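Engineer: The structure's right below; bear with me while I get my questions together.
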Amino acid sequence: MAVKKVEKIWMNGKHVDWDDAKVHILSHVIHYGSSFFEGIRCYKTPHGPAVFRLGDHVKRLIYSAKIFRAEIPFSYEQIFDAIIDTIKINELENCYIRPIAYRGYDDLNVNPLKNPVELTIAAYEWGSYLGQGAHESGIDVCVSSWRRSTPDTTPTMAKIGGAYMNSQLIKMEAITNGFAEGIALDVNGYVGEGSGENLFLVHDNIIYTPGIHNGILSGITRKSVMRIARDLGYEIVDGNLMREMLYMADEMFFSGTAAEITPIRSVDKMNVGNGMPGRVTKELQAAFFDVVKQGNDKYGWLTYIDGKDRILPMKNINAV
Ligand SMILES: Cc1ncc(COP(=O)(O)O)c(C=O)c1O
């Protein structure tokens, strides 16, 4: 399904018509994948539309660029505000937001340092990422033959365009073989993550998730799930997980802005537990949706788009 067009896209400081939001074909980003981006969700709550962990997303965007020596020419506050304004100007409530900073048009050398860093923010309506009914029934996944990158190659803590070539290999292989998603191992053979989601499994009532050293993106939803799970009294083990733990798991699920909390019902054609979303998964999913959809936000994770004091100082936000 094509992206659902709205009126305006924010480009380098101003809103332009959707169809005019273009870059030159010789922009550095097109040739070398030099972009830094975020995926963020805004939810329609009973108290009005609210963006989930906006400050953490903006902070991760700035750090992703910084790792690549790119300074986004807008401040944390300006980006934060521009995201809210883009939702408002398009009169969106439930939506997905895609800020992307990228190396623009100048030289076409591998060296990006001369190319300008530009910033664009789009927002549009978007539904369930892993398919209709995925949240309720769960999805079928496989272990990918592709690995996540090693720590000293492409940094996985940065959310960068180029890294998604690896994600595309994982995703295409899974889809071609009839699965909804693939799980990539890290370079040492420990469990990593999906092509665009973090992974959790439950075994004997303990929740396990790969560590941030296992070639994964340090997901903002992952951190939220860990916080909610701890508050519900669960023990969480965060570290190296062997592949066989996928086959021993009682429950398994993906987390991510796009996937939210999506149960996994089988891996490599073996049922996870009894092949149905499990009790812990459902409890965490319900607690997560209670925050984002009902606005029962004891954590302060929601930014209401009509709120006044909505900008949190960057130093108070914990993105890592
Ligand atoms: C590779 C990868 N892992 C994990 C995630 C989940 O991260 P988050 O919860 O911050 O959306 C994403 C989504 O952005 C991703 O692309």
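Residues are named by chain letter and number: chains run A, B, ... in the order of the structure tokens, numbers start at 1 in each chain, and ligands are numbered from 1 in the order shown.
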Contacts between ligand 1 and chain A, please, where a residue of chain A counts if it comes within 8 Å (with only C-alpha atoms and all ligand atoms); show its shortest atom pair and distance in Å to one decimal, rows by chain and ascending number, as JSON lines.
Structural biologist:
```
{"residue": "A:Glu38", "atom": "CA", "partner": "ligand 1", "partner_atom_place_in_ligand_line": "14 (O)", "distance": 6.7}
{"residue": "A:Gly39", "atom": "CA", "partner": "ligand 1", "partner_atom_place_in_ligand_line": "14 (O)", "distance": 5.8}
{"residue": "A:Ile40", "atom": "CA", "partner": "ligand 1", "partner_atom_place_in_ligand_line": "11 (O)", "distance": 7.0}
{"residue": "A:His57", "atom": "CA", "partner": "ligand 1", "partner_atom_place_in_ligand_line": "10 (O)", "distance": 7.3}
{"residue": "A:Thr156", "atom": "CA", "partner": "ligand 1", "partner_atom_place_in_ligand_line": "1 (C)", "distance": 7.8}
{"residue": "A:Lys159", "atom": "CA", "partner": "ligand 1", "partner_atom_place_in_ligand_line": "16 (O)", "distance": 7.1}
{"residue": "A:Tyr164", "atom": "CA", "partner": "ligand 1", "partner_atom_place_in_ligand_line": "1 (C)", "distance": 7.5}
{"residue": "A:Ser167", "atom": "CA", "partner": "ligand 1", "partner_atom_place_in_ligand_line": "1 (C)", "distance": 6.7}
{"residue": "A:Glu193", "atom": "CA", "partner": "ligand 1", "partner_atom_place_in_ligand_line": "3 (N)", "distance": 6.3}
{"residue": "A:Gly194", "atom": "CA", "partner": "ligand 1", "partner_atom_place_in_ligand_line": "3 (N)", "distance": 6.4}
{"residue": "A:Ser195", "atom": "CA", "partner": "ligand 1", "partner_atom_place_in_ligand_line": "1 (C)", "distance": 5.1}
{"residue": "A:Gly196", "atom": "CA", "partner": "ligand 1", "partner_atom_place_in_ligand_line": "15 (C)", "distance": 3.4}
{"residue": "A:Glu197", "atom": "CA", "partner": "ligand 1", "partner_atom_place_in_ligand_line": "4 (C)", "distance": 3.7}
{"residue": "A:Asn198", "atom": "CA", "partner": "ligand 1", "partner_atom_place_in_ligand_line": "4 (C)", "distance": 4.5}
{"residue": "A:Ile216", "atom": "CA", "partner": "ligand 1", "partner_atom_place_in_ligand_line": "3 (N)", "distance": 5.9}
{"residue": "A:Leu217", "atom": "CA", "partner": "ligand 1", "partner_atom_place_in_ligand_line": "3 (N)", "distance": 4.6}
{"residue": "A:Ser218", "atom": "CA", "partner": "ligand 1", "partner_atom_place_in_ligand_line": "7 (O)", "distance": 6.5}
{"residue": "A:Gly219", "atom": "CA", "partner": "ligand 1", "partner_atom_place_in_ligand_line": "7 (O)", "distance": 3.4}
{"residue": "A:Ile220", "atom": "CA", "partner": "ligand 1", "partner_atom_place_in_ligand_line": "10 (O)", "distance": 3.7}
{"residue": "A:Thr221", "atom": "CA", "partner": "ligand 1", "partner_atom_place_in_ligand_line": "9 (O)", "distance": 3.6}
{"residue": "A:Arg222", "atom": "CA", "partner": "ligand 1", "partner_atom_place_in_ligand_line": "9 (O)", "distance": 5.5}
{"residue": "A:Lys223", "atom": "CA", "partner": "ligand 1", "partner_atom_place_in_ligand_line": "9 (O)", "distance": 7.7}
{"residue": "A:Ser255", "atom": "CA", "partner": "ligand 1", "partner_atom_place_in_ligand_line": "9 (O)", "distance": 6.1}
{"residue": "A:Gly256", "atom": "CA", "partner": "ligand 1", "partner_atom_place_in_ligand_line": "9 (O)", "distance": 3.5}
{"residue": "A:Thr257", "atom": "CA", "partner": "ligand 1", "partner_atom_place_in_ligand_line": "11 (O)", "distance": 3.7}
{"residue": "A:Ala258", "atom": "CA", "partner": "ligand 1", "partner_atom_place_in_ligand_line": "11 (O)", "distance": 6.3}
{"residue": "A:Ala259", "atom": "CA", "partner": "ligand 1", "partner_atom_place_in_ligand_line": "6 (C)", "distance": 7.9}
{"residue": "A:Glu260", "atom": "CA", "partner": "ligand 1", "partner_atom_place_in_ligand_line": "9 (O)", "distance": 7.6}
```
Engineer: Write down as a ChimeraX atom specification the residues belonging to region 82-319 of chain A that are assigned strand (DSSP E or B) by DSSP computed on the backbone.
Structural biologist: /A:95-103,117-124,139-143,160,181-185,191-194,198-203,206-209,236-238,251-256,260-267,270-271,302-304
Engineer: Would you output that residue set with C-alpha atoms, as a PDB file, in the first residue's frame?
Structural biologist:
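Output file part_37.pdb is given in full below:
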```
ATOM      1  CA  CYS A  95      -0.189   8.883  12.364  1.00  0.00           C
ATOM      2  CA  TYR A  96       3.363   7.816  11.686  1.00  0.00           C
ATOM      3  CA  ILE A  97       6.041  10.490  11.585  1.00  0.00           C
ATOM      4  CA  ARG A  98       9.245  10.214   9.590  1.00  0.00           C
ATOM      5  CA  PRO A  99      11.914  12.853  10.248  1.00  0.00           C
ATOM      6  CA  ILE A 100      14.953  12.274   8.041  1.00  0.00           C
ATOM      7  CA  ALA A 101      18.228  14.178   7.959  1.00  0.00           C
ATOM      8  CA  TYR A 102      20.460  13.522   4.985  1.00  0.00           C
ATOM      9  CA  ARG A 103      23.556  14.615   3.131  1.00  0.00           C
ATOM     10  CA  VAL A 117      22.917  18.252   6.026  1.00  0.00           C
ATOM     11  CA  GLU A 118      19.233  18.761   5.375  1.00  0.00           C
ATOM     12  CA  LEU A 119      16.135  17.804   7.348  1.00  0.00           C
ATOM     13  CA  THR A 120      12.686  16.764   6.226  1.00  0.00           C
ATOM     14  CA  ILE A 121       9.671  15.707   8.317  1.00  0.00           C
ATOM     15  CA  ALA A 122       6.708  13.829   6.897  1.00  0.00           C
ATOM     16  CA  ALA A 123       3.627  12.537   8.725  1.00  0.00           C
ATOM     17  CA  TYR A 124       0.891  10.317   7.392  1.00  0.00           C
ATOM     18  CA  ILE A 139       2.947 -13.801  13.090  1.00  0.00           C
ATOM     19  CA  ASP A 140       5.132 -16.555  11.640  1.00  0.00           C
ATOM     20  CA  VAL A 141       8.851 -15.782  11.478  1.00  0.00           C
ATOM     21  CA  CYS A 142      12.119 -17.469  10.523  1.00  0.00           C
ATOM     22  CA  VAL A 143      15.747 -17.141  11.523  1.00  0.00           C
ATOM     23  CA  ILE A 160      20.784   5.297   9.444  1.00  0.00           C
ATOM     24  CA  GLU A 181       9.556 -11.372   9.285  1.00  0.00           C
ATOM     25  CA  GLY A 182      13.080 -12.689   9.839  1.00  0.00           C
ATOM     26  CA  ILE A 183      15.174 -12.711  13.003  1.00  0.00           C
ATOM     27  CA  ALA A 184      18.838 -11.941  12.347  1.00  0.00           C
ATOM     28  CA  LEU A 185      21.563 -13.293  14.606  1.00  0.00           C
ATOM     29  CA  VAL A 191      20.031 -13.612  18.711  1.00  0.00           C
ATOM     30  CA  GLY A 192      19.813 -10.045  17.387  1.00  0.00           C
ATOM     31  CA  GLU A 193      16.539  -8.608  16.140  1.00  0.00           C
ATOM     32  CA  GLY A 194      14.054  -8.435  13.295  1.00  0.00           C
ATOM     33  CA  ASN A 198      13.485  -5.714  18.688  1.00  0.00           C
ATOM     34  CA  LEU A 199      12.786  -9.173  20.050  1.00  0.00           C
ATOM     35  CA  PHE A 200      11.609 -10.503  23.402  1.00  0.00           C
ATOM     36  CA  LEU A 201      10.958 -14.053  24.531  1.00  0.00           C
ATOM     37  CA  VAL A 202       9.464 -15.553  27.656  1.00  0.00           C
ATOM     38  CA  HIS A 203      10.740 -18.763  29.193  1.00  0.00           C
ATOM     39  CA  ILE A 206      11.319 -14.800  32.834  1.00  0.00           C
ATOM     40  CA  ILE A 207      11.524 -12.274  30.016  1.00  0.00           C
ATOM     41  CA  TYR A 208      14.659 -12.336  27.847  1.00  0.00           C
ATOM     42  CA  THR A 209      15.825  -9.806  25.279  1.00  0.00           C
ATOM     43  CA  ILE A 236      14.125  -9.363  32.694  1.00  0.00           C
ATOM     44  CA  VAL A 237      17.373 -10.822  31.381  1.00  0.00           C
ATOM     45  CA  ASP A 238      19.080  -8.554  28.871  1.00  0.00           C
ATOM     46  CA  GLU A 251       6.181 -16.859  24.231  1.00  0.00           C
ATOM     47  CA  MET A 252       7.851 -14.459  21.864  1.00  0.00           C
ATOM     48  CA  PHE A 253       7.091 -11.007  20.498  1.00  0.00           C
ATOM     49  CA  PHE A 254       8.523  -8.116  18.533  1.00  0.00           C
ATOM     50  CA  SER A 255       8.604  -4.524  19.762  1.00  0.00           C
ATOM     51  CA  GLY A 256       9.012  -1.363  17.731  1.00  0.00           C
ATOM     52  CA  GLU A 260       4.239  -1.873  18.521  1.00  0.00           C
ATOM     53  CA  ILE A 261       3.966  -5.209  20.396  1.00  0.00           C
ATOM     54  CA  THR A 262       3.364  -8.004  17.904  1.00  0.00           C
ATOM     55  CA  PRO A 263       3.193 -11.607  19.151  1.00  0.00           C
ATOM     56  CA  ILE A 264       5.159 -14.295  17.308  1.00  0.00           C
ATOM     57  CA  ARG A 265       3.302 -17.590  17.009  1.00  0.00           C
ATOM     58  CA  SER A 266       5.907 -19.682  15.204  1.00  0.00           C
ATOM     59  CA  VAL A 267       9.590 -19.599  14.393  1.00  0.00           C
ATOM     60  CA  MET A 270       7.809 -24.564  15.029  1.00  0.00           C
ATOM     61  CA  ASN A 271       5.085 -23.296  17.327  1.00  0.00           C
ATOM     62  CA  LEU A 302       3.171  11.234  25.731  1.00  0.00           C
ATOM     63  CA  THR A 303       3.438  14.714  24.262  1.00  0.00           C
ATOM     64  CA  TYR A 304      -0.028  16.095  23.525  1.00  0.00           C
TER      65      TYR A 304
END
```
Engineer: Gly295 (chain A): which residues within 6 Å, counting only C-alpha atoms, same-chain residues fewer than 3 positions away excluded, as a list in words?
Structural biologist: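 Counting only C-alpha atoms, the residues come to Thr45, Val291 and Val292 of chain A.
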Engineer: Counting only C-alpha atoms, figure out which residue out of A:Val225, A:Leu246, A:Gly239, A:Lys5 gets nearest to Ala287 (chain A).
Structural biologist: A:Val225
Engineer: So how far away is CA of Gly162 (chain A) from CA of Gly138 (chain A), in Å?
Structural biologist: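 So the two atoms, CA of Gly138 (chain A) and CA of Gly162 (chain A), lie 29.3 Å apart.
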Engineer: Give the answer as one residue: which of A:Asp20, A:Asp297, A:Glu7, A:Glu71 has the shortest atom-to-atom distance to Lys88 (chain A), using only C-alpha atoms?
Structural biologist: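 Distance minimum relative to Lys88 (chain A) lands on A:Glu7.
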Engineer: CA of Arg279 (chain A) to CA of Arg227 (chain A): how many Å, to one decimal?
Structural biologist: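 Those two atoms sit 17.7 Å apart.
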Engineer: Mind checking which residues fall within 8 Å of region 78-86 of chain A, counting only C-alpha atoms, ignoring those fewer than 4 positions away in the same chain, and posting them as number ranges by chain?
Structural biologist: A: 8-10, 13, 15, 54-55, 58, 74, 90, 97, 99, 121-123, 305, 311
Engineer: Where in region 118-217 of chain A does DSSP assign alpha helix (DSSP H), given as a PyMOL selection string?
Structural biologist: chain A and resi 134-137+164-176
